[in-house]
>>> print(open('protein19.cif').read())   # mmCIF, C-alpha atoms
data_structure
loop_
_atom_site.label_atom_id
_atom_site.label_comp_id
_atom_site.auth_asym_id
_atom_site.auth_seq_id
_atom_site.Cartn_x
_atom_site.Cartn_y
_atom_site.Cartn_z
CA GLN A 1 0.86 9.07 76.96
CA VAL A 2 1.49 7.23 73.71
CA GLN A 3 2.89 3.76 73.17
CA LEU A 4 4.35 2.63 69.85
CA VAL A 5 4.97 -1.03 69.10
CA GLU A 6 6.95 -2.03 66.01
CA SER A 7 7.08 -5.39 64.28
CA GLY A 8 8.37 -6.89 61.08
CA GLY A 9 12.12 -6.54 61.25
CA GLY A 10 14.50 -9.35 60.44
CA LEU A 11 17.27 -10.66 58.22
CA VAL A 12 16.97 -10.50 54.46
CA GLN A 13 19.30 -10.81 51.50
CA ALA A 14 20.14 -7.83 49.33
CA GLY A 15 17.38 -7.24 46.82
CA GLY A 16 14.76 -8.66 49.15
CA SER A 17 11.78 -7.02 50.84
CA LEU A 18 10.48 -6.46 54.35
CA ARG A 19 7.45 -4.70 55.74
CA LEU A 20 7.59 -2.92 59.07
CA SER A 21 4.45 -2.17 61.04
CA CYS A 22 3.85 0.18 63.95
CA ALA A 23 0.74 0.42 66.11
CA ALA A 24 0.12 3.45 68.29
CA SER A 25 -2.03 3.36 71.40
CA GLY A 26 -2.86 5.71 74.23
CA SER A 27 -3.78 9.36 73.85
CA ILE A 28 -3.83 9.72 70.07
CA PHE A 29 -5.06 12.99 68.64
CA ASP A 30 -5.59 14.18 65.09
CA PHE A 31 -3.10 16.27 63.14
CA ASN A 32 0.04 14.29 63.87
CA THR A 33 2.95 13.03 61.84
CA MET A 34 3.95 9.40 61.97
CA GLY A 35 7.10 8.02 60.49
CA TRP A 36 10.14 5.82 60.50
CA TYR A 37 13.70 6.65 61.41
CA ARG A 38 16.75 4.43 61.51
CA GLN A 39 20.07 4.27 63.26
CA ALA A 40 23.00 2.25 62.03
CA PRO A 41 25.93 1.37 64.32
CA GLY A 42 28.18 4.37 64.87
CA LYS A 43 25.81 6.73 63.06
CA GLN A 44 23.18 9.24 64.08
CA ARG A 45 19.50 8.49 63.84
CA GLU A 46 18.16 9.59 60.46
CA LEU A 47 14.79 10.10 58.85
CA VAL A 48 13.54 7.37 56.54
CA ALA A 49 9.98 8.46 55.78
CA THR A 50 7.18 10.44 57.37
CA ILE A 51 3.49 10.82 56.66
CA THR A 52 1.10 13.36 58.11
CA SER A 53 -2.49 12.69 59.06
CA ALA A 54 -3.35 14.50 55.79
CA ASN A 55 -1.16 11.99 53.92
CA ARG A 56 1.65 14.36 53.07
CA ILE A 57 4.70 12.16 52.61
CA ASN A 58 8.42 12.79 52.85
CA TYR A 59 11.16 10.28 51.99
CA ALA A 60 14.90 10.34 52.49
CA ASP A 61 16.64 10.48 49.12
CA SER A 62 18.36 7.18 49.84
CA VAL A 63 15.07 5.26 50.00
CA LYS A 64 12.96 7.01 47.36
CA ASP A 65 11.56 4.60 44.76
CA ARG A 66 12.34 1.63 47.04
CA PHE A 67 10.35 2.27 50.24
CA THR A 68 6.67 3.15 50.62
CA ILE A 69 5.01 4.46 53.76
CA PHE A 70 1.33 3.90 54.57
CA ARG A 71 -0.88 4.90 57.43
CA ASP A 72 -4.34 3.99 58.64
CA ASN A 73 -5.77 6.84 60.69
CA ALA A 74 -8.66 4.75 61.97
CA LYS A 75 -6.31 2.12 63.38
CA ASN A 76 -3.43 4.48 64.29
CA THR A 77 -0.94 2.38 62.39
CA VAL A 78 1.91 3.20 60.06
CA ASP A 79 3.67 0.67 57.83
CA LEU A 80 6.86 0.83 55.82
CA GLN A 81 7.17 -1.42 52.78
CA MET A 82 10.84 -1.81 51.94
CA ASN A 83 11.81 -3.25 48.55
CA ASN A 84 15.14 -3.80 46.87
CA LEU A 85 16.90 -3.67 50.21
CA LYS A 86 20.61 -2.93 50.31
CA PRO A 87 23.26 -3.69 52.95
CA ASP A 88 23.37 0.06 53.69
CA ASP A 89 19.76 -0.21 54.89
CA THR A 90 20.92 -2.29 57.85
CA ALA A 91 19.92 -0.45 61.01
CA VAL A 92 17.55 -0.37 63.93
CA TYR A 93 14.31 1.15 62.66
CA TYR A 94 12.23 3.29 65.00
CA CYS A 95 8.61 4.28 64.70
CA ASN A 96 7.82 7.88 65.60
CA LEU A 97 4.70 9.88 66.36
CA PHE A 98 5.15 13.64 66.46
CA TYR A 99 2.82 16.38 67.59
CA ASN A 100 5.34 19.06 68.62
CA LYS A 101 8.75 19.21 70.25
CA TYR A 102 7.18 18.50 73.63
CA GLN A 103 5.09 15.57 72.41
CA ASN A 104 7.41 13.40 70.37
CA PHE A 105 7.15 9.64 70.91
CA TRP A 106 9.34 6.71 69.88
CA GLY A 107 8.97 2.96 69.67
CA GLN A 108 11.54 0.55 71.04
CA GLY A 109 13.05 -0.18 67.62
CA THR A 110 13.23 -3.21 65.38
CA GLN A 111 16.39 -4.57 63.77
CA VAL A 112 16.67 -4.83 59.99
CA THR A 113 19.73 -6.63 58.66
CA VAL A 114 20.45 -6.89 54.95
CA SER A 115 23.14 -9.36 53.92
CA SER A 116 25.13 -8.97 50.72
#
>>> encode(input="protein19.cif", output="structure tokens")
Amino acid sequence: QVQLVESGGGLVQAGGSLRLSCAASGSIFDFNTMGWYRQAPGKQRELVATITSANRINYADSVKDRFTIFRDNAKNTVDLQMNNLKPDDTAVYYCNLFYNKYQNFWGQGTQVTVSS
């Protein structure tokens, strides 16, 4: 099993920055994808950014040039640096670790609120 623990959410004004961190523990194997997703009230969960163990990165168009994803394979962590935050970024952010459709793990979520 895998456990994911997120930290770093909070309240920030528009234009501000936050950094989210996620630590994975348990049965961690190589060749995985870690990432961040978010879910705003009344909306479906959506991809924010993902990074493979080979450091291939994918960003949602809405966060490109504002958010940066990092991972440390030795520590099994993934961080999301969020700059120039907008009210539309308000959501619960979830850490994800994906091996395949049968091994797909989620954190408990951390709230990010951006005030205008």
>>> closest_residue(input="protein19.cif", among="A:Val112, A:Leu97, A:Ala24, A:Val12", to="Ile51 in chain A", atoms="only C-alpha atoms")
A:Leu97
>>> residues_near_point(input="protein19.cif", point="(21.5, -1.5, 56.1)", cutoff="9 Å", atoms="only C-alpha atoms", output="PyMOL selection string")
chain A and resi 40+85-92+112-115
>>> closest_residue(input="protein19.cif", among="A:Asp72, A:Asp30, A:Glu46, A:Glu6", to="Tyr59 in chain A", atoms="all atoms listed in the file")
A:Glu46
>>> closest_residue(input="protein19.cif", among="A:Phe105, A:Phe98, A:Tyr93, A:Phe70", to="Met34 in chain A", atoms="only C-alpha atoms")
A:Phe98
>>> atom_distance(input="protein19.cif", atom1="CA of Gln103 in chain A", atom2="CA of Thr33 in chain A")
11.1 Å
>>> resolve_selection(input="protein19.cif", expression="the PyMOL selection byres ((chain A and resi 56) around 12)", output="ChimeraX atom specification")
/A:31-35,49-55,57-59,69-71
>>> build_atoms(input="protein19.cif", residues="range 6-17 of chain A", atoms="N, CA and C atoms", output="PDB file, keeping the file's coordinate frame")
ATOM      1  N   GLU A   6       6.527  -1.680  67.370  1.00  0.00           N
ATOM      2  CA  GLU A   6       6.950  -2.030  66.010  1.00  0.00           C
ATOM      3  C   GLU A   6       7.018  -3.542  65.851  1.00  0.00           C
ATOM      4  N   SER A   7       6.887  -3.982  64.621  1.00  0.00           N
ATOM      5  CA  SER A   7       7.080  -5.390  64.280  1.00  0.00           C
ATOM      6  C   SER A   7       7.521  -5.479  62.827  1.00  0.00           C
ATOM      7  N   GLY A   8       8.077  -6.638  62.470  1.00  0.00           N
ATOM      8  CA  GLY A   8       8.370  -6.890  61.080  1.00  0.00           C
ATOM      9  C   GLY A   8       9.824  -6.851  60.683  1.00  0.00           C
ATOM     10  N   GLY A   9      10.708  -6.538  61.605  1.00  0.00           N
ATOM     11  CA  GLY A   9      12.120  -6.540  61.250  1.00  0.00           C
ATOM     12  C   GLY A   9      12.644  -7.942  61.045  1.00  0.00           C
ATOM     13  N   GLY A  10      13.907  -8.037  60.625  1.00  0.00           N
ATOM     14  CA  GLY A  10      14.500  -9.350  60.440  1.00  0.00           C
ATOM     15  C   GLY A  10      15.709  -9.304  59.552  1.00  0.00           C
ATOM     16  N   LEU A  11      16.103 -10.493  59.081  1.00  0.00           N
ATOM     17  CA  LEU A  11      17.270 -10.660  58.220  1.00  0.00           C
ATOM     18  C   LEU A  11      16.797 -10.975  56.819  1.00  0.00           C
ATOM     19  N   VAL A  12      17.358 -10.282  55.848  1.00  0.00           N
ATOM     20  CA  VAL A  12      16.970 -10.500  54.460  1.00  0.00           C
ATOM     21  C   VAL A  12      18.205 -10.319  53.577  1.00  0.00           C
ATOM     22  N   GLN A  13      18.202 -10.989  52.433  1.00  0.00           N
ATOM     23  CA  GLN A  13      19.300 -10.810  51.500  1.00  0.00           C
ATOM     24  C   GLN A  13      19.114  -9.537  50.688  1.00  0.00           C
ATOM     25  N   ALA A  14      20.211  -9.007  50.186  1.00  0.00           N
ATOM     26  CA  ALA A  14      20.140  -7.830  49.330  1.00  0.00           C
ATOM     27  C   ALA A  14      19.198  -8.088  48.164  1.00  0.00           C
ATOM     28  N   GLY A  15      18.385  -7.081  47.865  1.00  0.00           N
ATOM     29  CA  GLY A  15      17.380  -7.240  46.820  1.00  0.00           C
ATOM     30  C   GLY A  15      16.040  -7.710  47.329  1.00  0.00           C
ATOM     31  N   GLY A  16      15.988  -8.150  48.569  1.00  0.00           N
ATOM     32  CA  GLY A  16      14.760  -8.660  49.150  1.00  0.00           C
ATOM     33  C   GLY A  16      13.867  -7.552  49.689  1.00  0.00           C
ATOM     34  N   SER A  17      12.770  -7.967  50.321  1.00  0.00           N
ATOM     35  CA  SER A  17      11.780  -7.020  50.840  1.00  0.00           C
ATOM     36  C   SER A  17      11.424  -7.354  52.277  1.00  0.00           C
TER      37      SER A  17
END
